[in-house]
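Enquirer: Dropping in work.txt, which is compact mmCIF, C-alpha atoms and all ligand atoms:
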# COMPACT_ATOMS: atom_id res chain seq x y z
CA MET A 26 -112.59 6.81 36.66
CA THR A 27 -112.53 9.72 34.22
CA ALA A 28 -109.21 11.48 34.08
CA GLN A 29 -108.60 15.13 34.84
CA ARG A 30 -108.11 17.03 31.58
CA ILE A 31 -104.87 19.00 31.90
CA ASP A 32 -105.70 22.41 30.47
CA GLY A 33 -102.54 23.57 28.70
CA ARG A 34 -104.22 26.73 27.41
CA LYS A 35 -105.09 27.86 30.94
CA ILE A 36 -101.70 26.97 32.44
CA ALA A 37 -99.87 28.66 29.54
CA ALA A 38 -102.04 31.79 29.94
CA GLN A 39 -101.15 31.94 33.66
CA LEU A 40 -97.45 31.62 32.81
CA ARG A 41 -97.68 34.36 30.14
CA GLN A 42 -99.49 36.61 32.61
CA SER A 43 -96.80 36.22 35.26
CA ILE A 44 -94.11 36.89 32.61
CA ALA A 45 -95.97 40.02 31.46
CA GLN A 46 -96.15 41.26 35.06
CA GLU A 47 -92.41 40.74 35.53
CA VAL A 48 -91.62 42.49 32.25
CA THR A 49 -93.34 45.69 33.43
CA LYS A 50 -90.84 45.89 36.32
CA LEU A 51 -87.70 45.51 34.17
CA PRO A 52 -85.43 48.47 33.31
CA SER A 53 -85.84 47.77 29.56
CA LYS A 54 -87.74 45.36 27.31
CA PRO A 55 -86.42 41.86 26.57
CA GLY A 56 -85.96 41.25 22.82
CA LEU A 57 -86.70 37.97 21.05
CA ALA A 58 -85.44 37.53 17.48
CA VAL A 59 -86.90 34.91 15.17
CA ILE A 60 -85.07 33.92 11.99
CA LEU A 61 -87.34 32.49 9.31
CA VAL A 62 -85.73 31.11 6.17
CA GLY A 63 -88.02 30.41 3.21
CA ASP A 64 -91.79 30.34 2.99
CA ASP A 65 -92.92 27.08 4.60
CA PRO A 66 -96.62 27.81 5.40
CA ALA A 67 -96.63 26.01 8.78
CA SER A 68 -93.47 27.87 9.88
CA GLN A 69 -95.01 31.19 8.83
CA ILE A 70 -98.05 30.49 11.02
CA TYR A 71 -95.84 29.50 14.00
CA VAL A 72 -93.65 32.58 13.61
CA ALA A 73 -96.65 34.93 13.34
CA LYS A 74 -98.04 33.41 16.54
CA LYS A 75 -94.69 33.75 18.34
CA ILE A 76 -94.38 37.40 17.33
CA LYS A 77 -97.93 38.21 18.47
CA THR A 78 -97.46 36.46 21.83
CA THR A 79 -94.04 38.06 22.40
CA GLU A 80 -95.54 41.53 21.93
CA GLU A 81 -98.55 40.69 24.11
CA VAL A 82 -96.27 40.09 27.13
CA GLY A 83 -94.51 43.42 26.52
CA MET A 84 -91.33 42.10 24.91
CA VAL A 85 -89.80 43.34 21.67
CA SER A 86 -90.10 41.02 18.71
CA ILE A 87 -87.48 41.12 15.96
CA GLU A 88 -88.20 39.23 12.78
CA LYS A 89 -85.46 38.31 10.28
CA ARG A 90 -86.79 36.83 7.05
CA LEU A 91 -84.45 35.25 4.53
CA ALA A 92 -85.30 33.88 1.10
CA ALA A 93 -85.68 30.11 0.63
CA ASP A 94 -82.44 30.06 -1.39
CA ALA A 95 -80.42 31.97 1.25
CA SER A 96 -76.91 30.57 1.65
CA GLU A 97 -75.45 29.18 4.86
CA GLU A 98 -73.23 32.28 4.97
CA ASP A 99 -76.32 34.52 4.80
CA VAL A 100 -77.96 32.75 7.75
CA ALA A 101 -74.68 32.66 9.68
CA ALA A 102 -74.24 36.42 9.16
CA THR A 103 -77.77 37.06 10.45
CA ILE A 104 -77.07 34.95 13.56
CA GLN A 105 -73.80 36.82 14.12
CA THR A 106 -75.50 40.20 13.87
CA LEU A 107 -78.11 39.13 16.43
CA ASN A 108 -75.42 37.61 18.70
CA ASN A 109 -73.74 41.04 18.79
CA ASP A 110 -76.93 43.06 19.25
CA LYS A 111 -77.35 43.99 22.93
CA SER A 112 -81.09 44.63 22.49
CA VAL A 113 -81.58 40.98 21.49
CA HIS A 114 -81.74 38.53 24.41
CA GLY A 115 -83.18 35.48 22.67
CA ILE A 116 -82.52 34.06 19.19
CA LEU A 117 -84.69 31.41 17.65
CA LEU A 118 -83.90 29.76 14.32
CA GLN A 119 -87.24 28.50 13.03
CA LEU A 120 -86.99 24.81 12.02
CA PRO A 121 -87.12 23.04 9.68
CA LEU A 122 -84.66 24.94 7.48
CA PRO A 123 -84.60 24.43 3.71
CA LYS A 124 -82.76 21.17 2.91
CA HIS A 125 -79.59 22.79 1.53
CA LEU A 126 -78.83 24.32 4.96
CA ASN A 127 -77.09 22.47 7.80
CA SER A 128 -79.43 23.11 10.77
CA ASP A 129 -77.14 21.74 13.43
CA LYS A 130 -74.13 23.76 12.24
CA LEU A 131 -76.20 26.96 12.24
CA ILE A 132 -77.83 26.30 15.63
CA GLN A 133 -74.37 25.89 17.16
CA MET A 134 -73.49 29.43 15.98
CA ILE A 135 -76.11 30.94 18.29
CA ASN A 136 -74.62 32.49 21.43
CA PRO A 137 -75.62 29.94 24.15
CA ALA A 138 -76.66 32.85 26.40
CA LYS A 139 -79.31 33.75 23.76
CA ASP A 140 -80.21 30.16 22.78
CA VAL A 141 -83.84 30.25 23.94
CA ASP A 142 -84.59 26.94 22.20
CA GLY A 143 -81.94 25.24 24.38
CA LEU A 144 -80.42 23.41 21.42
CA THR A 145 -76.76 24.47 21.54
CA TYR A 146 -74.31 21.87 22.87
CA HIS A 147 -73.56 24.24 25.76
CA ASN A 148 -77.17 24.19 26.98
CA ILE A 149 -77.59 20.46 26.28
CA ALA A 150 -74.50 19.78 28.41
CA ARG A 151 -75.84 21.96 31.22
CA LEU A 152 -79.12 20.04 31.16
CA VAL A 153 -77.34 16.68 31.29
CA THR A 154 -75.02 17.78 34.11
CA GLY A 155 -77.94 19.32 36.04
CA GLU A 156 -76.57 22.87 35.88
CA ASP A 157 -78.83 25.85 35.32
CA GLY A 158 -79.24 26.72 31.63
CA LEU A 159 -81.80 27.34 28.90
CA VAL A 160 -84.00 24.23 28.64
CA PRO A 161 -85.84 23.28 25.41
CA CYS A 162 -89.34 24.75 25.49
CA THR A 163 -91.65 21.79 24.79
CA PRO A 164 -90.08 19.44 27.38
CA GLN A 165 -89.97 22.32 29.88
CA GLY A 166 -93.67 22.99 29.27
CA SER A 167 -94.52 19.29 29.50
CA LEU A 168 -92.85 19.06 32.91
CA LYS A 169 -94.89 22.04 34.10
CA LEU A 170 -98.06 20.25 32.99
CA ILE A 171 -97.05 17.06 34.85
CA GLN A 172 -96.29 19.12 37.97
CA SER A 173 -99.64 20.88 37.73
CA VAL A 174 -101.06 17.47 38.69
CA LYS A 175 -98.32 16.21 41.03
CA LYS A 176 -95.46 18.36 42.29
CA ASP A 177 -93.18 15.69 43.76
CA LEU A 178 -92.34 13.06 41.14
CA THR A 179 -89.73 11.25 43.26
CA GLY A 180 -89.55 7.54 42.60
CA LEU A 181 -92.22 7.50 39.90
CA HIS A 182 -91.60 5.46 36.77
CA ALA A 183 -91.67 7.78 33.76
CA VAL A 184 -91.77 6.38 30.24
CA VAL A 185 -90.93 8.75 27.38
CA ILE A 186 -91.74 7.44 23.90
CA GLY A 187 -89.43 9.19 21.44
CA ARG A 188 -85.72 10.04 21.64
CA SER A 189 -85.35 13.15 19.48
CA LEU A 190 -82.88 15.84 20.47
CA LEU A 191 -85.69 18.38 20.31
CA PHE A 192 -87.98 16.59 22.71
CA GLY A 193 -87.48 12.98 23.89
CA LYS A 194 -83.92 13.26 25.18
CA PRO A 195 -84.32 16.56 27.08
CA MET A 196 -87.67 15.36 28.47
CA ALA A 197 -86.01 12.23 29.87
CA GLN A 198 -83.26 14.37 31.45
CA LEU A 199 -85.79 16.69 33.10
CA LEU A 200 -87.69 13.73 34.57
CA LEU A 201 -84.43 12.22 35.81
CA GLN A 202 -83.68 15.53 37.57
CA GLU A 203 -87.05 15.20 39.27
CA ASN A 204 -85.90 11.81 40.64
CA CYS A 205 -88.09 9.71 38.37
CA THR A 206 -86.93 6.32 37.15
CA VAL A 207 -86.90 6.96 33.42
CA THR A 208 -87.36 4.61 30.49
CA THR A 209 -86.85 6.04 27.00
CA ALA A 210 -88.63 4.07 24.29
CA HIS A 211 -88.19 4.41 20.52
CA SER A 212 -88.92 2.66 17.25
CA LYS A 213 -86.67 -0.31 18.11
CA THR A 214 -88.17 -0.86 21.59
CA LYS A 215 -89.60 -4.35 22.11
CA ASP A 216 -93.01 -4.83 23.72
CA LEU A 217 -93.79 -1.14 24.07
CA LYS A 218 -97.26 -1.95 25.39
CA SER A 219 -95.96 -3.71 28.53
CA ILE A 220 -93.42 -0.92 29.16
CA CYS A 221 -96.17 1.70 28.94
CA GLN A 222 -98.33 -0.36 31.30
CA GLN A 223 -95.66 0.21 34.00
CA ALA A 224 -95.62 4.00 33.57
CA ASP A 225 -96.78 6.29 36.36
CA ILE A 226 -96.01 9.12 33.91
CA LEU A 227 -96.32 8.43 30.20
CA VAL A 228 -95.05 10.98 27.69
CA ALA A 229 -95.72 10.22 24.03
CA ALA A 230 -93.76 12.13 21.36
CA VAL A 231 -93.78 10.02 18.24
CA GLY A 232 -96.02 11.53 15.56
CA ARG A 233 -98.36 8.54 15.06
CA PRO A 234 -102.09 9.13 15.54
CA ALA A 235 -103.59 7.35 18.57
CA MET A 236 -100.72 4.86 18.73
CA VAL A 237 -100.99 4.53 22.53
CA LYS A 238 -104.12 2.50 23.25
CA GLY A 239 -106.35 2.58 26.32
CA ASP A 240 -105.11 -0.81 27.59
CA TRP A 241 -101.48 0.47 27.52
CA ILE A 242 -102.28 2.87 30.37
CA LYS A 243 -101.60 2.07 34.02
CA SER A 244 -104.45 2.95 36.35
CA GLY A 245 -103.81 6.42 37.83
CA ALA A 246 -101.09 7.41 35.35
CA ILE A 247 -100.38 10.98 34.22
CA ILE A 248 -100.39 11.13 30.41
CA ILE A 249 -98.69 13.85 28.37
CA ASP A 250 -99.48 13.68 24.68
CA VAL A 251 -96.94 15.67 22.67
CA GLY A 252 -97.80 14.30 19.23
CA ILE A 253 -99.40 16.54 16.62
CA ASN A 254 -100.96 14.54 13.79
CA ARG A 255 -103.14 15.98 11.05
CA LEU A 256 -105.87 13.59 9.93
CA ASN A 257 -107.52 13.31 6.50
CA ASP A 258 -110.48 15.43 7.63
CA ASN A 259 -107.91 18.15 8.55
CA SER A 260 -108.50 17.70 12.30
CA ILE A 261 -105.54 17.31 14.67
CA CYS A 262 -105.00 14.43 17.08
CA GLY A 263 -102.25 13.25 19.38
CA ASP A 264 -100.29 10.02 19.79
CA VAL A 265 -102.64 8.74 22.53
CA ASP A 266 -106.18 7.40 22.11
CA PHE A 267 -107.60 10.13 24.36
CA GLU A 268 -111.12 8.75 24.77
CA ALA A 269 -109.88 5.30 25.84
CA ALA A 270 -106.96 6.56 27.95
CA LYS A 271 -109.09 8.96 29.98
CA GLU A 272 -111.01 6.02 31.44
CA THR A 273 -107.86 4.70 33.18
CA ALA A 274 -105.52 7.67 33.65
CA LEU A 275 -105.45 10.12 36.55
CA ALA A 276 -104.83 13.07 34.24
CA ILE A 277 -104.26 13.58 30.52
CA THR A 278 -103.46 16.42 28.11
CA PRO A 279 -105.79 16.92 25.16
CA VAL A 280 -104.56 17.58 21.61
CA PRO A 281 -104.98 20.39 20.74
CA GLY A 282 -104.96 22.47 23.93
CA GLY A 283 -102.41 20.53 25.97
CA VAL A 284 -98.67 20.70 25.36
CA GLY A 285 -98.85 23.01 22.31
CA PRO A 286 -99.68 26.29 24.12
CA MET A 287 -96.92 25.63 26.68
CA THR A 288 -94.17 25.73 24.05
CA ILE A 289 -94.51 29.44 23.24
CA ALA A 290 -95.09 30.35 26.91
CA CYS A 291 -91.81 28.59 27.81
CA LEU A 292 -90.05 30.34 24.93
CA LEU A 293 -91.02 33.63 26.56
CA ALA A 294 -89.93 32.32 29.97
CA ASN A 295 -86.53 31.46 28.45
CA THR A 296 -86.28 34.92 26.87
CA LEU A 297 -87.01 36.54 30.24
CA LYS A 298 -84.39 34.31 31.86
CA ALA A 299 -81.80 35.17 29.17
CA TYR A 300 -82.58 38.87 29.69
CA LYS A 301 -82.12 38.63 33.47
CA ASN A 302 -78.87 36.69 33.02
CA SER A 303 -77.60 39.52 30.81
CA LEU A 304 -78.04 42.20 33.48
P1 LIG B 1 -89.05 12.84 15.67
O1 LIG B 1 -87.75 13.54 15.68
O2 LIG B 1 -89.62 12.32 14.40
O3 LIG B 1 -88.96 11.64 16.73
C1 LIG B 1 -89.95 10.66 16.82
C2 LIG B 1 -89.50 9.61 17.79
O4 LIG B 1 -90.51 8.61 17.82
C3 LIG B 1 -88.20 8.91 17.40
O5 LIG B 1 -87.36 8.82 18.53
C4 LIG B 1 -88.65 7.53 16.91
O6 LIG B 1 -87.73 6.49 17.20
C5 LIG B 1 -89.91 7.32 17.74
N1 LIG B 1 -90.80 6.37 17.09
C6 LIG B 1 -91.19 6.32 15.79
N2 LIG B 1 -92.01 5.28 15.57
C7 LIG B 1 -92.13 4.65 16.77
C8 LIG B 1 -92.83 3.48 17.18
N3 LIG B 1 -93.56 2.79 16.35
N4 LIG B 1 -92.73 3.11 18.47
C9 LIG B 1 -92.00 3.82 19.34
N5 LIG B 1 -91.30 4.94 19.01
C10 LIG B 1 -91.38 5.34 17.73
O7 LIG B 1 -90.19 13.77 16.28
P2 LIG B 1 -90.16 14.91 17.43
O8 LIG B 1 -89.62 16.17 16.88
O9 LIG B 1 -89.59 14.37 18.69
O10 LIG B 1 -91.73 15.11 17.61
C11 LIG B 1 -92.58 14.04 17.98
C12 LIG B 1 -94.03 14.48 17.90
O11 LIG B 1 -94.22 15.57 18.78
C13 LIG B 1 -94.45 15.01 16.52
O12 LIG B 1 -95.81 14.67 16.29
C14 LIG B 1 -94.31 16.51 16.65
O13 LIG B 1 -95.18 17.21 15.77
C15 LIG B 1 -94.73 16.70 18.08
N6 LIG B 1 -94.16 17.91 18.69
C16 LIG B 1 -95.03 18.79 19.27
C17 LIG B 1 -94.57 19.94 19.86
C18 LIG B 1 -95.52 20.88 20.50
O14 LIG B 1 -95.24 22.05 20.69
N7 LIG B 1 -96.70 20.42 20.91
C19 LIG B 1 -93.20 20.23 19.85
C20 LIG B 1 -92.32 19.29 19.31
C21 LIG B 1 -92.81 18.13 18.74
P3 LIG B 1 -86.28 6.38 16.50
O15 LIG B 1 -85.42 7.36 17.22
O16 LIG B 1 -85.88 4.97 16.74
O17 LIG B 1 -86.49 6.71 15.07
Give the structure from this file in structure tokens form.

Expert:
Amino acid sequence: MTAQRIDGRKIAAQLRQSIAQEVTKLPSKPGLAVILVGDDPASQIYVAKKIKTTEEVGMVSIEKRLAADASEEDVAATIQTLNNDKSVHGILLQLPLPKHLNSDKLIQMINPAKDVDGLTYHNIARLVTGEDGLVPCTPQGSLKLIQSVKKDLTGLHAVVIGRSLLFGKPMAQLLLQENCTVTTAHSKTKDLKSICQQADILVAAVGRPAMVKGDWIKSGAIIIDVGINRLNDNSICGDVDFEAAKETALAITPVPGGVGPMTIACLLANTLKAYKNSL
């Protein structure tokens, strides 16, 4: 069996198109503000891409750039200004921040109604309690990719490798809400291979190239590869051995072109949601 390749680029494009259509019917334009502190090259590329995509769907993009040596007070003041600005519906603090800044403290200053990354305690609590809120973008996008293959996930065993606050934990919560039986694995998990072999849905978010081998995959499983690993030849690969896994899986996301494009599309979906909530 050769697995279906889950085309994240296509699914993300469809989502962006439906967002763009909805935006044309709104009384005003949703505004997404991105705060970039310092000059990390990867962050600059991400932010440029976010701004371009935001404008392509007809939203207003606001960029706030602060110097690498900006103080915590400077960043806090920027967040406060955006919190109070009625034309701003979403605020994103681009991570990682320079080491002298306390990311968590600053994230918690974002108005939860504008927290389009879903990282404030308010939105985390809403996710855990199953109430409607702003859900972190990459897990949200990953769930959409899983459901592009199978809508009803009830009773399936989902294994999430990784327990970060940014991805692993919210992903596990979303799968639990879909009535999966969820196992969260991490660096201290024993016999990861046999746990993965039981997974109807396997989500890998570790950051180790091709760590998940072909014989870890259950026949007919849905595989979501979140990992982004840059190899010596400058190419990018995921956490799953794609070529081997596709022989056993039902469906699998490629890297690149799988989860990655969904993240920005879901950021725009969150901005639209925050806008509608503000009406
Ligand atoms: P992270 O905070 O570094 O978390 C990595 C997780 O992997 C941790 O929970 C860690 O366990 C676990 N882990 C490490 N070694 C392991 C091992 N040998 N066996 C099992 N688990 C192991 O990373 P993250 O932010 O969640 O991101 C994970 C990957 O996803 C990265 O490659 C990142 O670039 C990628 N990512 C992609 C997108 C996207 O848009 N496509 C978005 C976010 C992240 P412990 O908790 O025990 O340390």

Enquirer: What are the closest atom pairs, with distances in Å to one decimal, for each residue of chain A lying within 8 Å of ligand LIG 1 (chain B), using only C-alpha atoms and all ligand atoms, rows by chain and rising residue number, as a Markdown table?

Expert:
| residue | atom | partner | partner_atom | distance |
| --- | --- | --- | --- | --- |
| A:Thr163 | CA | B:LIG1 | C19 | 5.4 |
| A:Ile186 | CA | B:LIG1 | N5 | 5.5 |
| A:Gly187 | CA | B:LIG1 | O5 | 3.6 |
| A:Arg188 | CA | B:LIG1 | O5 | 3.7 |
| A:Ser189 | CA | B:LIG1 | O9 | 4.5 |
| A:Leu190 | CA | B:LIG1 | O9 | 7.1 |
| A:Leu191 | CA | B:LIG1 | O8 | 5.7 |
| A:Phe192 | CA | B:LIG1 | O9 | 4.9 |
| A:Gly193 | CA | B:LIG1 | O9 | 5.8 |
| A:Ala210 | CA | B:LIG1 | N5 | 6.0 |
| A:His211 | CA | B:LIG1 | N5 | 3.5 |
| A:Ser212 | CA | B:LIG1 | C10 | 3.7 |
| A:Lys213 | CA | B:LIG1 | O16 | 5.5 |
| A:Thr214 | CA | B:LIG1 | C9 | 6.5 |
| A:Leu217 | CA | B:LIG1 | C9 | 7.1 |
| A:Ala229 | CA | B:LIG1 | O11 | 7.6 |
| A:Ala230 | CA | B:LIG1 | C11 | 4.1 |
| A:Val231 | CA | B:LIG1 | O4 | 3.6 |
| A:Gly232 | CA | B:LIG1 | O12 | 3.2 |
| A:Arg233 | CA | B:LIG1 | O12 | 6.8 |
| A:Met236 | CA | B:LIG1 | N3 | 7.8 |
| A:Val251 | CA | B:LIG1 | O11 | 4.7 |
| A:Gly252 | CA | B:LIG1 | O12 | 3.6 |
| A:Ile253 | CA | B:LIG1 | O12 | 4.1 |
| A:Asn254 | CA | B:LIG1 | O12 | 5.7 |
| A:Gly263 | CA | B:LIG1 | O12 | 7.3 |
| A:Asp264 | CA | B:LIG1 | O12 | 7.3 |
| A:Gly283 | CA | B:LIG1 | N7 | 7.6 |
| A:Val284 | CA | B:LIG1 | N7 | 4.9 |
| A:Gly285 | CA | B:LIG1 | N7 | 3.6 |
| A:Pro286 | CA | B:LIG1 | O14 | 7.0 |
| A:Met287 | CA | B:LIG1 | O14 | 7.2 |
| A:Thr288 | CA | B:LIG1 | O14 | 5.1 |
| A:Ile289 | CA | B:LIG1 | O14 | 7.9 |

Enquirer: Keeping only C-alpha atoms, write the selected residues to a file as a PDB file, in the frame of the given file.

Expert:
ATOM      1  CA  THR A 163     -91.650  21.790  24.790  1.00  0.00           C
ATOM      2  CA  ILE A 186     -91.740   7.440  23.900  1.00  0.00           C
ATOM      3  CA  GLY A 187     -89.430   9.190  21.440  1.00  0.00           C
ATOM      4  CA  ARG A 188     -85.720  10.040  21.640  1.00  0.00           C
ATOM      5  CA  SER A 189     -85.350  13.150  19.480  1.00  0.00           C
ATOM      6  CA  LEU A 190     -82.880  15.840  20.470  1.00  0.00           C
ATOM      7  CA  LEU A 191     -85.690  18.380  20.310  1.00  0.00           C
ATOM      8  CA  PHE A 192     -87.980  16.590  22.710  1.00  0.00           C
ATOM      9  CA  GLY A 193     -87.480  12.980  23.890  1.00  0.00           C
ATOM     10  CA  ALA A 210     -88.630   4.070  24.290  1.00  0.00           C
ATOM     11  CA  HIS A 211     -88.190   4.410  20.520  1.00  0.00           C
ATOM     12  CA  SER A 212     -88.920   2.660  17.250  1.00  0.00           C
ATOM     13  CA  LYS A 213     -86.670  -0.310  18.110  1.00  0.00           C
ATOM     14  CA  THR A 214     -88.170  -0.860  21.590  1.00  0.00           C
ATOM     15  CA  LEU A 217     -93.790  -1.140  24.070  1.00  0.00           C
ATOM     16  CA  ALA A 229     -95.720  10.220  24.030  1.00  0.00           C
ATOM     17  CA  ALA A 230     -93.760  12.130  21.360  1.00  0.00           C
ATOM     18  CA  VAL A 231     -93.780  10.020  18.240  1.00  0.00           C
ATOM     19  CA  GLY A 232     -96.020  11.530  15.560  1.00  0.00           C
ATOM     20  CA  ARG A 233     -98.360   8.540  15.060  1.00  0.00           C
ATOM     21  CA  MET A 236    -100.720   4.860  18.730  1.00  0.00           C
ATOM     22  CA  VAL A 251     -96.940  15.670  22.670  1.00  0.00           C
ATOM     23  CA  GLY A 252     -97.800  14.300  19.230  1.00  0.00           C
ATOM     24  CA  ILE A 253     -99.400  16.540  16.620  1.00  0.00           C
ATOM     25  CA  ASN A 254    -100.960  14.540  13.790  1.00  0.00           C
ATOM     26  CA  GLY A 263    -102.250  13.250  19.380  1.00  0.00           C
ATOM     27  CA  ASP A 264    -100.290  10.020  19.790  1.00  0.00           C
ATOM     28  CA  GLY A 283    -102.410  20.530  25.970  1.00  0.00           C
ATOM     29  CA  VAL A 284     -98.670  20.700  25.360  1.00  0.00           C
ATOM     30  CA  GLY A 285     -98.850  23.010  22.310  1.00  0.00           C
ATOM     31  CA  PRO A 286     -99.680  26.290  24.120  1.00  0.00           C
ATOM     32  CA  MET A 287     -96.920  25.630  26.680  1.00  0.00           C
ATOM     33  CA  THR A 288     -94.170  25.730  24.050  1.00  0.00           C
ATOM     34  CA  ILE A 289     -94.510  29.440  23.240  1.00  0.00           C
TER      35      ILE A 289
END

Enquirer: Find the distance between CA of Gly245 (chain A) and CA of Gln198 (chain A) and write it in Å to one decimal.

Expert: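 Calculated distance between CA of Gly245 (chain A) and CA of Gln198 (chain A) is 22.9 Å.
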
Enquirer: One number please: CA of Ala269 (chain A) to CA of Ile31 (chain A), in Å, one decimal.

Expert: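 Interatomic distance, CA of Ala269 (chain A) to CA of Ile31 (chain A): 15.8 Å.
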
Enquirer: What is the distance between CA of Gly83 (chain A) and CA of Ile116 (chain A), in Å to one decimal?

Expert: 16.9 Å

Enquirer: Find, counting all atoms listed in the file, the residue in A:Asp129, A:Asp140, A:Glu97, A:Asp32 that gets nearest to Val59 (chain A).

Expert: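 Checking each of A:Asp129, A:Asp140, A:Glu97, A:Asp32 against Val59 (chain A), counting all atoms listed in the file, the winner is A:Asp140.
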
Enquirer: Using all atoms listed in the file, pick whichever of A:Ser112, A:Asn302, A:Ser219, A:Gln119 has the shortest atom-to-atom distance to Leu57 (chain A).

Expert: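 Closest residue, counting all atoms listed in the file: A:Ser112.
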
Enquirer: Using only C-alpha atoms, which of the listed residues (A:Val113, A:Arg41, A:Val48, A:Ile249) sits closest to Thr78 (chain A)?

Expert: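 With only C-alpha atoms as the atom set, the closest residue is A:Arg41.
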
Enquirer: Grab all the atoms of region 40-45 of chain A that the file lists, wrap them in a box along x, y and z, add 3 Å per side, and give me centre plus edge lengths in Å (one decimal) as AutoDock Vina command-line options.

Expert:
--center_x -96.8 --center_y 35.8 --center_z 32.7 --size_x 11.4 --size_y 14.4 --size_z 11.1

Enquirer: Env of Leu199 (chain A): 10 Å cut, atoms = all atoms listed in the file, seq-sep filter 5 positions within chain, self excluded. Answer as a list in words.

Expert: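 So the residues in contact are Leu152, Val153, Gly155, Val160, Pro164, Gln165, Ser167, Leu168, Lys194, Asn204, Cys205 and Val207 of chain A.
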
Enquirer: For Asn127 (chain A), which of A:Leu107, A:Leu51, A:Val100, A:Val141 is the closest residue, counting all atoms listed in the file?

Expert: A:Val100

Enquirer: Counting all atoms listed in the file, which residues sit no farther than 8 Å from the position (-76.9, 27.6, 12.5) in the file's frame? I'd like them as a PyMOL selection string.

Expert: chain A and resi 97+100-101+104+118+127-135
